[in-house]
Amino acid sequence: MTMRKRPLVNILSISTLLMVMTPAPTSAKEFLCDATQASTTQLPQLDKSCPIGKGLWGKQKPKYQDSQFWIQCGIYNKPLALDKAKRLYQRISTDVWMKPEDNGYRCLIGPYTTFAQAKNELVQVQKQPGYKEAFIREVSGKLEHSKPARPAKEKRSPVKKVTTTKMTKMVTQPARKATSTPANIKSDISIRLQTSLNNTDYKVPYILLSDDLFYMEHELPWNRMSYDGAYKTCRQIGMRLANPQEWKVLLDSKVMEKDNWPIHLPYWGAEHTGLFYSGKVNQLKGSSRLNVMCVK
């Protein structure tokens with residue numbers, strides 16, 4: 001099979017962050033914060049609607065238990081050139097973003113899931129020429145119905161019959177057809193990652209020749225699909241979307257961390273649910289563009 005080459009700019013055109021936004025003290029929701037990158041010589045730009053919260057000045061501490069954080073690195077009349085941001089990348093573990101505002105562009109670093117990490121990297125950012133006035137912003141997220149991310153050392157219940165296959169580079173061969181696979185399966189679907197847990201197979205498909213959106217993680221492009229796209233893709237390889245119980249088994253196994261599964265976006269689950277890496281399962285609009293994972 002000949003793989004159609006996709007321009008690098010096209011592959012990098014969509015990158016997505018996961019943020020938490022609380023519009024009122026009594027309600028909270030997951031907010032999918034989109035970003036675009038016009039070219040490899042420019043910093044990615046956050047969508048205008050992406051929440052950036054409020055500044056934490058001096059010795060102020062976070063006000064909410066489940067917050068995420070940005071480091072604001074400046075306000076500019078035009079987007080900061082990627083070359084000028086390179087020295088920041090040597091000091092941080094996240095990314096530098098531009099966010100369009102009414103009167104210019106805001107420079108942001110992040111997002112950070114802990115205040116401690118944001119605070120430590122703020123010190124490094126402020127040491128760089130031109131960034132002495134950088135400060136932390138808190139995006140409030142007092143989630144009453146969500147579960148916090150589990151600590152790395154938390155004891156998990158044992159999971160039986162665990163086997164896993166890690167694909168370390170982009171697969172160009174189509175996946176083998178199973179006996180239950182429909183006859184009209186597309187030959188350009190490959191299996192990027194897979195594992196078997198408690199007699200359930202989990203697979204992350206990748207469509208090589210597709211007009212669907214992509215985002216980059218672990219230095220590889222991954223499909224971003226609507227609910228209908230994810231549902232049809234799983235059907236084409238004789239599988240289905242996972243339910244919350246199957247998602248929990250996968251999280252508890254720690255396979256995703258061990259084998260570098262994409263986790264910056266939630267995965268589509270059955271019945272229009274979004275399966276979040278933090279353990280939450282929320283109803284989402286079918287038009288949202290999420291990761292795809294199939295089970296059988």
# chains A, B, ... in the order shown; residues from 1 in each chain; ligands from 1
call {"tool": "select_by_dssp", "arguments": {"residues": "region 199-253 of chain A", "states": "strand (DSSP E)", "output": "PyMOL selection string"}}
result
chain A and resi 200-207+213-217+220-224+240-241
call {"tool": "atom_distance", "arguments": {"atom1": "CA of Tyr76 (chain A)", "atom2": "CA of Pro62 (chain A)"}}
result
26.6 Å
call {"tool": "atom_distance", "arguments": {"atom1": "CA of Pro262 (chain A)", "atom2": "CA of Ala230 (chain A)"}}
result
15.3 Å
call {"tool": "residues_around", "arguments": {"residues": "region 285-289 of chain A", "least_positions_apart": "3", "cutoff": "10 Å", "atoms": "only C-alpha atoms", "output": "PyMOL selection string"}}
result
chain A and resi 16+32+34+212-214+223-230+265-268+271-274+282+292
call {"tool": "residues_around", "arguments": {"residues": "region 80-97 of chain A", "least_positions_apart": "6", "cutoff": "8 Å", "atoms": "only C-alpha atoms", "output": "ChimeraX atom specification"}}
result
/A:41-46,107-112,121,124-125,128
call {"tool": "write_last_selection", "arguments": {"atoms": "N, CA and C atoms", "output": "mmCIF file, in the first residue's frame"}}
result
data_model
loop_
_atom_site.group_PDB
_atom_site.id
_atom_site.type_symbol
_atom_site.label_atom_id
_atom_site.label_comp_id
_atom_site.auth_asym_id
_atom_site.auth_seq_id
_atom_site.Cartn_x
_atom_site.Cartn_y
_atom_site.Cartn_z
ATOM 1 N N THR A 41 6.864 27.292 12.165
ATOM 2 C CA THR A 41 7.679 28.425 12.592
ATOM 3 C C THR A 41 6.923 29.360 13.525
ATOM 4 N N GLN A 42 5.695 29.007 13.872
ATOM 5 C CA GLN A 42 4.874 29.834 14.754
ATOM 6 C C GLN A 42 4.437 29.043 15.977
ATOM 7 N N LEU A 43 4.224 29.759 17.071
ATOM 8 C CA LEU A 43 3.691 29.126 18.264
ATOM 9 C C LEU A 43 2.218 28.786 18.045
ATOM 10 N N PRO A 44 1.722 27.714 18.659
ATOM 11 C CA PRO A 44 0.293 27.403 18.542
ATOM 12 C C PRO A 44 -0.546 28.462 19.225
ATOM 13 N N GLN A 45 -1.761 28.678 18.710
ATOM 14 C CA GLN A 45 -2.669 29.680 19.274
ATOM 15 C C GLN A 45 -3.871 29.010 19.910
ATOM 16 N N LEU A 46 -4.129 29.375 21.151
ATOM 17 C CA LEU A 46 -5.303 28.878 21.859
ATOM 18 C C LEU A 46 -6.553 29.545 21.313
ATOM 19 N N CYS A 107 0.688 35.653 26.007
ATOM 20 C CA CYS A 107 1.629 34.536 26.034
ATOM 21 C C CYS A 107 1.368 33.707 27.288
ATOM 22 N N LEU A 108 1.149 32.407 27.105
ATOM 23 C CA LEU A 108 0.847 31.515 28.226
ATOM 24 C C LEU A 108 1.722 30.268 28.148
ATOM 25 N N ILE A 109 2.092 29.765 29.309
ATOM 26 C CA ILE A 109 2.853 28.523 29.420
ATOM 27 C C ILE A 109 2.029 27.546 30.240
ATOM 28 N N GLY A 110 1.945 26.304 29.782
ATOM 29 C CA GLY A 110 1.163 25.332 30.539
ATOM 30 C C GLY A 110 0.392 24.401 29.617
ATOM 31 N N PRO A 111 -0.729 23.851 30.122
ATOM 32 C CA PRO A 111 -1.260 24.036 31.475
ATOM 33 C C PRO A 111 -0.568 23.127 32.486
ATOM 34 N N TYR A 112 -0.681 23.490 33.766
ATOM 35 C CA TYR A 112 -0.118 22.717 34.860
ATOM 36 C C TYR A 112 -1.248 22.171 35.725
ATOM 37 N N GLU A 121 8.435 26.209 37.965
ATOM 38 C CA GLU A 121 8.837 26.608 36.626
ATOM 39 C C GLU A 121 8.722 28.116 36.416
ATOM 40 N N GLN A 124 12.069 29.622 37.054
ATOM 41 C CA GLN A 124 12.978 29.471 35.917
ATOM 42 C C GLN A 124 12.626 30.448 34.789
ATOM 43 N N VAL A 125 11.321 30.645 34.560
ATOM 44 C CA VAL A 125 10.888 31.562 33.506
ATOM 45 C C VAL A 125 11.308 32.993 33.838
ATOM 46 N N GLN A 128 14.717 34.411 32.836
ATOM 47 C CA GLN A 128 15.024 34.677 31.442
ATOM 48 C C GLN A 128 14.791 36.153 31.121
#
call {"tool": "closest_residue", "arguments": {"among": "A:Leu250, A:Leu122, A:Val281, A:Met293", "to": "Thr233 (chain A)", "atoms": "only C-alpha atoms"}}
result
A:Met293
call {"tool": "residues_around", "arguments": {"residues": "Ala116 (chain A)", "least_positions_apart": "6", "cutoff": "12 Å", "atoms": "only C-alpha atoms", "output": "mmCIF file with C-alpha atoms, in the first residue's frame"}}
result
data_model
loop_
_atom_site.group_PDB
_atom_site.id
_atom_site.type_symbol
_atom_site.label_atom_id
_atom_site.label_comp_id
_atom_site.auth_asym_id
_atom_site.auth_seq_id
_atom_site.Cartn_x
_atom_site.Cartn_y
_atom_site.Cartn_z
ATOM 1 C CA LYS A 61 -2.273 30.498 47.240
ATOM 2 C CA PRO A 62 -4.804 28.684 45.016
ATOM 3 C CA SER A 67 -7.571 23.941 39.824
ATOM 4 C CA GLN A 68 -5.244 24.008 36.849
ATOM 5 C CA PHE A 69 -2.687 26.700 36.174
ATOM 6 C CA TRP A 70 -1.027 28.800 33.482
ATOM 7 C CA LEU A 122 7.787 30.224 37.153
ATOM 8 C CA VAL A 123 11.096 30.772 38.961
ATOM 9 C CA ILE A 136 0.706 32.314 37.634
#
call {"tool": "closest_residue", "arguments": {"among": "A:Pro129, A:Glu246, A:Lys296, A:Ala270", "to": "Leu284 (chain A)", "atoms": "only C-alpha atoms"}}
result
A:Ala270
call {"tool": "atom_distance", "arguments": {"atom1": "CA of Ile52 (chain A)", "atom2": "CA of Cys73 (chain A)"}}
result
12.5 Å
call {"tool": "closest_residue", "arguments": {"among": "A:Asp259, A:Glu133, A:Glu101, A:Glu138", "to": "Arg192 (chain A)", "atoms": "only C-alpha atoms"}}
result
A:Asp259
call {"tool": "select_by_dssp", "arguments": {"residues": "region 191-273 of chain A", "states": "alpha helix (DSSP H)", "output": "list of chain:residue names"}}
result
A:Tyr227, A:Asp228, A:Gly229, A:Ala230, A:Tyr231, A:Lys232, A:Thr233, A:Cys234, A:Arg235, A:Gln236, A:Pro244, A:Gln245, A:Glu246, A:Trp247, A:Lys248, A:Val249, A:Leu250, A:Leu251, A:Asp252, A:Ser253, A:Val255, A:Met256, A:Glu257, A:Lys258
call {"tool": "closest_residue", "arguments": {"among": "A:Lys280, A:Asn260, A:Val295, A:Leu290", "to": "Arg235 (chain A)", "atoms": "only C-alpha atoms"}}
result
A:Val295
